Protein chains: 2
Amino acid sequence: MAKVTIKDLAKITGYSKSTVSCALNNKEGVGEESRKEIIRIAKEMGYTPNYFARRISSKDYRTIGVILRDLTNPFYANVFCAIDKLAEENDYETIFYNLAGDSRRTQCGIDLMKEKMVSGIILDFFGYDKNIVKSLVESSIPSVIFGLNVDADISCVQTDDTTGAREAVDYGIRMGYKNIFYIGRNRGDIFDMRRADTVRKRLQDCGMPYAHCLIYPPSKEEIAGLILKKCPENSLLICYNDIWACSVIQGLMKVRKYVPRDYSVIGFDNIEVIPYGLTTVDIPQYRMAEEAFRLLLAQIEHNGKTKKVTLDSRLIVRDSVKDLTGGDAEVFSRP
Amino acid sequence: MAKVTIKDLAKITGYSKSTVSCALNNKEGVGEESRKEIIRIAKEMGYTPNYFARRISSKDYRTIGVILRDLTNPFYANVFCAIDKLAEENDYETIFYNLAGDSRRTQCGIDLMKEKMVSGIILDFFGYDKNIVKSLVESSIPSVIFGLNVDADISCVQTDDTTGAREAVDYGIRMGYKNIFYIGRNRGDIFDMRRADTVRKRLQDCGMPYAHCLIYPPSKEEIAGLILKKCPENSLLICYNDIWACSVIQGLMKVRKYVPRDYSVIGFDNIEVIPYGLTTVDIPQYRMAEEAFRLLLAQIEHNGKTKKVTLDSRLIVRDSVKDLTGGDAEVFSRP
DNA sequence: TTGAAAGCGCTAACAA
DNA sequence: TTGTTAGCGCTTTCAA
């Protein structure tokens, strides 16, 4: 069952390859009659052009590479879907590469994109590596770093999560918390470190204790044990992201501690699918995706300059933080 | 900044194109010395082979197409990631096409895959269409239908969610519920319909009333209003899937009704990233992905026969269903 | 061990 | 309006 090619089509229709090609691609210079006939026969024979052959001769790839850290996290799934949709609207294709949480795969991803001749790359650059930036700049492939501001001639879209982190601390203090902890997941992650630093610094600035404010449990299972050990009840736990906040909440449930009855929790990201009642710092994922795509497109199509874009984060108050000041807040789901 | 090609490499190294090609691909028949030199120079010049050119001449595509309904739903994101990982381990690439919730895009996705000459397709076939099945079978591209058993010579991987659905009803009855409703989202969705039917039938078999047991609200916003109108407090709401269950819970919260205090909820899927104890019917997403991939691989590489695989679902009891029989269950997060 | 030449399926000049 | 020719970058015979 060999695939039918343009050559077969030429033979059968009696026209030449080029005529067939023109007809099929709606190019000028083919008679209306011939065009119709060619298209009809092509359909009959189930002809589909060979994508690779087409790409190799036409040079116009119209493809962008998207490299993200973890599609399992709805935050990044949303980002990918948004980019994919924009790409489609602009008649581009996307090629996706999943780092699957392993920053060492970044270079592989970039190489793959190069091989596939993408017009541009959107790169979620976690696990910062100077050499990669350098080689990316030198390759002169239009690129946008997603989530991070890098000091090089390359476009970047990031969200300043420090404002949100500070808001979270301030909100906690306002709600009467004496014990505020940052629960991180991964010391190697730049965002994680930055959020931790911001929380610590804000606590300091507000004259709050910050000893033990960092916890990086090696695994999900140990989290509850660590919290129980280090954090007194009625602590506020500011978590690395929403996913991590979920793990924390689930872990606590296993030891019969409930949120926000026993502990209060704040996340980062503002993931849509889950956050019933989760107070969180909104990282505007759609706008980030959009900005990244626009920046890339500008570079690809209009030779636009590189540009740094920084969006704002803000705290979204929902129901996972109990009011310790005596107010009777209606909180979370409960029996 | 033209990309360096194998021709450039030939010119610079002094060898011919074919020698360079062999050297770079670790083929036999090239002197050790020459090979090393060629590889060195290729590296120096930052040579990356043109993926399309390679594909067009080598015929060996090792690519599988994955078409899924909605990557925004963590269930499908997990499925994709699992397939992607398996593919990588088996030295395949994946091409992804997102239906983005629109079943009319299915044919487009398939055409795209054909164009890209995939070795096989894993197709999430929602919005059942006989013609598509037929054309897929006729195309003789190895394919696996994901999530549904189709009566045709094509492999299928599905999970029998009816056992889980019945368990959910039985569990509800055991917990003392007199009012059990199915909350669907989309009448066009096969799973949605099947789950609804199963719940209705089981209720019937158990001598329970089933009038009004279906609710298909046109939008998320109207859901709470409909529930308030149709379902008395302390109803059990069996929802189409976890995402939808979350929407239901969120909608109810907006009108100050809490789960499981005022209503109990059961979902389908068993998505991990949920910040509370949602009782749900587990659909084994990883195993489904694995089976689908294995089946496809068998067909591609060993000309394996088509096969139907059906996995089991089961109810996972957590904390979103209150015990109405008087037992004092520790339920859900609460202040 | 190496190189010349053909060809993959298509597009794009240019000629007829 | 149509056909001829060349060529995209690579792999793959087949000779040398």
# chains A, B, ... in the order shown; residues from 1 in each chain; ligands from 1
$ residues_around --residues "stretch 14-16 of chain C" --least-positions-apart "2" --cutoff "12 Å" --atoms "only C-alpha atoms (C1' of nucleotides)" --output "count of residues only"
7
$ closest_atom_pairs --of "chain A" --to "chain B" --cutoff "8 Å" --atoms "only C-alpha atoms" --output "CSV"
residue,atom,partner,partner_atom,distance
A:Thr48,CA,B:Glu115,CA,5.7
A:Pro49,CA,B:Glu115,CA,6.0
A:Asn50,CA,B:Glu115,CA,5.4
A:Tyr51,CA,B:Glu115,CA,5.2
A:Phe52,CA,B:Phe52,CA,4.9
A:Ala53,CA,B:Ile56,CA,6.1
A:Arg55,CA,B:Phe52,CA,6.9
A:Ile56,CA,B:Phe52,CA,6.1
A:Leu71,CA,B:Ala77,CA,6.3
A:Thr72,CA,B:Ala77,CA,5.6
A:Asn73,CA,B:Pro74,CA,7.5
A:Pro74,CA,B:Pro74,CA,6.3
A:Ala77,CA,B:Thr72,CA,5.6
A:Asn78,CA,B:Thr72,CA,5.8
A:Cys81,CA,B:Leu71,CA,7.0
A:Ile95,CA,B:Ile95,CA,7.3
A:Phe96,CA,B:Phe96,CA,7.7
A:Asn98,CA,B:Cys81,CA,7.9
A:Asp111,CA,B:Thr48,CA,7.8
A:Lys114,CA,B:Thr48,CA,7.0
A:Glu115,CA,B:Tyr51,CA,5.2
A:Lys116,CA,B:Tyr51,CA,5.2
A:Met117,CA,B:Asn50,CA,7.1
A:Ser140,CA,B:Met1,CA,7.9
A:Ile243,CA,B:Val273,CA,6.1
A:Ala245,CA,B:Pro275,CA,7.4
A:Cys246,CA,B:Pro275,CA,4.3
A:Ser247,CA,B:Pro275,CA,7.3
A:Ile249,CA,B:Pro275,CA,6.1
A:Gln250,CA,B:Tyr276,CA,6.2
A:Met253,CA,B:Ser333,CA,7.7
A:Tyr258,CA,B:Ser333,CA,4.7
A:Val259,CA,B:Ser333,CA,5.2
A:Pro260,CA,B:Pro335,CA,5.5
A:Arg261,CA,B:Pro335,CA,3.5
A:Asp262,CA,B:Pro335,CA,7.3
A:Val273,CA,B:Ile243,CA,6.2
A:Ile274,CA,B:Ile274,CA,5.4
A:Pro275,CA,B:Pro275,CA,7.0
A:Tyr276,CA,B:Gln250,CA,5.6
A:Gly277,CA,B:Gln250,CA,7.7
A:Leu278,CA,B:Pro275,CA,7.8
A:Lys322,CA,B:Pro335,CA,7.4
A:Val331,CA,B:Pro335,CA,6.6
A:Phe332,CA,B:Arg334,CA,6.1
A:Ser333,CA,B:Tyr258,CA,4.8
A:Arg334,CA,B:Arg334,CA,4.3
A:Pro335,CA,B:Arg261,CA,3.5
$ write_last_selection --atoms "C-alpha atoms" --output "PDB file, in the first residue's frame"
ATOM      1  CA  THR A  48      -1.771  13.642   0.858  1.00  0.00           C
ATOM      2  CA  PRO A  49       1.382  15.561   0.122  1.00  0.00           C
ATOM      3  CA  ASN A  50       4.516  14.446   1.851  1.00  0.00           C
ATOM      4  CA  TYR A  51       5.109  16.993   4.532  1.00  0.00           C
ATOM      5  CA  PHE A  52       8.857  16.544   4.610  1.00  0.00           C
ATOM      6  CA  ALA A  53       9.360  16.753   0.907  1.00  0.00           C
ATOM      7  CA  ARG A  55       9.188  21.461   3.658  1.00  0.00           C
ATOM      8  CA  ILE A  56      12.515  20.695   2.175  1.00  0.00           C
ATOM      9  CA  LEU A  71       3.193  19.209  30.954  1.00  0.00           C
ATOM     10  CA  THR A  72       1.775  17.321  33.870  1.00  0.00           C
ATOM     11  CA  ASN A  73       1.488  20.600  35.696  1.00  0.00           C
ATOM     12  CA  PRO A  74      -1.681  22.313  34.469  1.00  0.00           C
ATOM     13  CA  ALA A  77      -0.309  22.561  29.982  1.00  0.00           C
ATOM     14  CA  ASN A  78      -2.233  25.816  29.804  1.00  0.00           C
ATOM     15  CA  CYS A  81      -2.272  25.023  24.752  1.00  0.00           C
ATOM     16  CA  ILE A  95       6.795  21.106  17.942  1.00  0.00           C
ATOM     17  CA  PHE A  96       6.732  20.271  21.586  1.00  0.00           C
ATOM     18  CA  ASN A  98       8.795  17.978  27.346  1.00  0.00           C
ATOM     19  CA  ASP A 111      19.176  20.548  19.355  1.00  0.00           C
ATOM     20  CA  LYS A 114      17.453  23.085  15.391  1.00  0.00           C
ATOM     21  CA  GLU A 115      17.288  19.826  13.512  1.00  0.00           C
ATOM     22  CA  LYS A 116      13.693  20.458  12.776  1.00  0.00           C
ATOM     23  CA  MET A 117      14.498  23.867  11.463  1.00  0.00           C
ATOM     24  CA  SER A 140      20.591  33.465  15.980  1.00  0.00           C
ATOM     25  CA  ILE A 243       0.606  21.555  42.889  1.00  0.00           C
ATOM     26  CA  ALA A 245       0.177  23.133  47.960  1.00  0.00           C
ATOM     27  CA  CYS A 246      -2.116  20.282  46.941  1.00  0.00           C
ATOM     28  CA  SER A 247       0.468  17.757  48.014  1.00  0.00           C
ATOM     29  CA  ILE A 249      -2.902  19.576  51.879  1.00  0.00           C
ATOM     30  CA  GLN A 250      -3.230  15.939  50.901  1.00  0.00           C
ATOM     31  CA  MET A 253      -5.108  15.069  55.515  1.00  0.00           C
ATOM     32  CA  TYR A 258      -7.117  19.874  57.850  1.00  0.00           C
ATOM     33  CA  VAL A 259      -6.835  23.107  55.962  1.00  0.00           C
ATOM     34  CA  PRO A 260      -7.547  25.721  57.084  1.00  0.00           C
ATOM     35  CA  ARG A 261      -8.723  24.352  60.401  1.00  0.00           C
ATOM     36  CA  ASP A 262      -5.285  23.284  61.572  1.00  0.00           C
ATOM     37  CA  VAL A 273      -8.789  23.242  37.255  1.00  0.00           C
ATOM     38  CA  ILE A 274      -8.224  22.660  40.892  1.00  0.00           C
ATOM     39  CA  PRO A 275      -8.096  25.547  43.143  1.00  0.00           C
ATOM     40  CA  TYR A 276     -11.414  25.371  44.775  1.00  0.00           C
ATOM     41  CA  GLY A 277     -10.787  27.522  47.753  1.00  0.00           C
ATOM     42  CA  LEU A 278      -7.027  27.685  47.450  1.00  0.00           C
ATOM     43  CA  LYS A 322      -8.148  31.043  58.337  1.00  0.00           C
ATOM     44  CA  VAL A 331     -13.935  29.069  55.072  1.00  0.00           C
ATOM     45  CA  PHE A 332     -13.426  26.165  52.761  1.00  0.00           C
ATOM     46  CA  SER A 333     -15.642  23.174  52.471  1.00  0.00           C
ATOM     47  CA  ARG A 334     -16.619  21.501  55.672  1.00  0.00           C
ATOM     48  CA  PRO A 335     -19.192  19.192  57.086  1.00  0.00           C
TER      49      PRO A 335
END
$ interface_residues --of "chain A" --to "chain D" --cutoff "9 Å" --atoms "only C-alpha atoms (C1' of nucleotides)" --output "VMD selection string"
chain A and resid 15 to 19 29 to 31 53 55 to 59
$ write_last_selection --atoms "C-alpha atoms" --output "JSON list (two decimals), in the first residue's frame"
[["chain", "number", "residue", "atom", "x", "y", "z"],
["A", 15, "TYR", "CA", -0.46, 16.47, -16.52],
["A", 16, "SER", "CA", 3.06, 17.11, -15.37],
["A", 17, "LYS", "CA", 4.23, 17.13, -11.78],
["A", 18, "SER", "CA", 4.52, 20.88, -11.69],
["A", 19, "THR", "CA", 1.05, 21.45, -13.05],
["A", 29, "GLY", "CA", -1.26, 29.53, -14.06],
["A", 30, "VAL", "CA", -3.44, 26.47, -14.17],
["A", 31, "GLY", "CA", -6.64, 26.23, -16.16],
["A", 53, "ALA", "CA", 9.36, 16.75, 0.91],
["A", 55, "ARG", "CA", 9.19, 21.46, 3.66],
["A", 56, "ILE", "CA", 12.51, 20.69, 2.18],
["A", 57, "SER", "CA", 11.83, 22.32, -1.11],
["A", 58, "SER", "CA", 9.74, 25.23, -0.03],
["A", 59, "LYS", "CA", 12.04, 26.38, 2.76]]
$ select_by_dssp --residues "stretch 262-326 of chain A" --states "strand (DSSP E or B)" --output "list in words"
Ser264, Val265, Ile266, Gly267, Phe268, Asp269, Thr279, Thr280, Val281, Asp282, Lys308, Val309, Thr310, Leu311, Asp312, Arg314, Leu315 and Ile316 of chain A
$ residues_around --residues "A:Thr159" --least-positions-apart "4" --cutoff "6 Å" --atoms "only C-alpha atoms (C1' of nucleotides)" --output "number ranges by chain"
A: 310-312
$ write_last_selection --atoms "N, CA and C atoms" --output "PDB file, in the first residue's frame"
ATOM      1  N   THR A 310       7.946  41.997  31.685  1.00  0.00           N
ATOM      2  CA  THR A 310       7.696  41.495  33.036  1.00  0.00           C
ATOM      3  C   THR A 310       6.260  41.796  33.445  1.00  0.00           C
ATOM      4  N   LEU A 311       5.534  40.760  33.769  1.00  0.00           N
ATOM      5  CA  LEU A 311       4.143  40.929  34.191  1.00  0.00           C
ATOM      6  C   LEU A 311       4.050  40.912  35.713  1.00  0.00           C
ATOM      7  N   ASP A 312       2.908  41.320  36.201  1.00  0.00           N
ATOM      8  CA  ASP A 312       2.720  41.386  37.653  1.00  0.00           C
ATOM      9  C   ASP A 312       1.982  40.182  38.198  1.00  0.00           C
TER      10      ASP A 312
END
$ closest_atom_pairs --of "chain C" --to "chain B" --cutoff "8 Å" --atoms "only C-alpha atoms (C1' of nucleotides)" --output "JSON lines"
{"residue": "C:DT1", "atom": "C1'", "partner": "B:Val30", "partner_atom": "CA", "distance": 5.9}
{"residue": "C:DT2", "atom": "C1'", "partner": "B:Thr19", "partner_atom": "CA", "distance": 6.8}
{"residue": "C:DG3", "atom": "C1'", "partner": "B:Ser16", "partner_atom": "CA", "distance": 6.1}
{"residue": "C:DC8", "atom": "C1'", "partner": "B:Ser57", "partner_atom": "CA", "distance": 4.6}
{"residue": "C:DG9", "atom": "C1'", "partner": "B:Ile56", "partner_atom": "CA", "distance": 7.6}
$ atom_distance --atom1 "atom CA of B:Thr325" --atom2 "atom CA of B:Thr280"
20.2 Å
$ select_by_dssp --residues "stretch 155-311 of chain B" --states "alpha helix (DSSP H)" --output "ChimeraX atom specification"
/B:161-174,190-205,223-230,242-254,285-302
$ residues_around --residues "A:Lys305" --least-positions-apart "6" --cutoff "10 Å" --atoms "only C-alpha atoms (C1' of nucleotides)" --output "PyMOL selection string"
chain A and resi 142+153-155+295-296+298-299
$ residues_around --residues "A:Glu44" --least-positions-apart "3" --cutoff "12 Å" --atoms "only C-alpha atoms (C1' of nucleotides)" --output "mmCIF file with C-alpha atoms, in the first residue's frame"
data_model
loop_
_atom_site.group_PDB
_atom_site.id
_atom_site.type_symbol
_atom_site.label_atom_id
_atom_site.label_comp_id
_atom_site.auth_asym_id
_atom_site.auth_seq_id
_atom_site.Cartn_x
_atom_site.Cartn_y
_atom_site.Cartn_z
ATOM 1 C CA VAL A 4 0.363 7.937 -3.738
ATOM 2 C CA LEU A 9 -0.930 11.826 -9.864
ATOM 3 C CA ILE A 12 -2.772 9.347 -14.054
ATOM 4 C CA THR A 13 -4.073 12.813 -14.769
ATOM 5 C CA GLU A 37 -9.928 17.581 -12.475
ATOM 6 C CA ILE A 38 -6.600 17.282 -10.731
ATOM 7 C CA ILE A 39 -8.103 18.051 -7.368
ATOM 8 C CA ARG A 40 -10.873 15.565 -7.928
ATOM 9 C CA ILE A 41 -8.526 12.767 -8.835
ATOM 10 C CA TYR A 47 -3.448 11.805 -1.982
ATOM 11 C CA THR A 48 -1.771 13.642 0.858
#
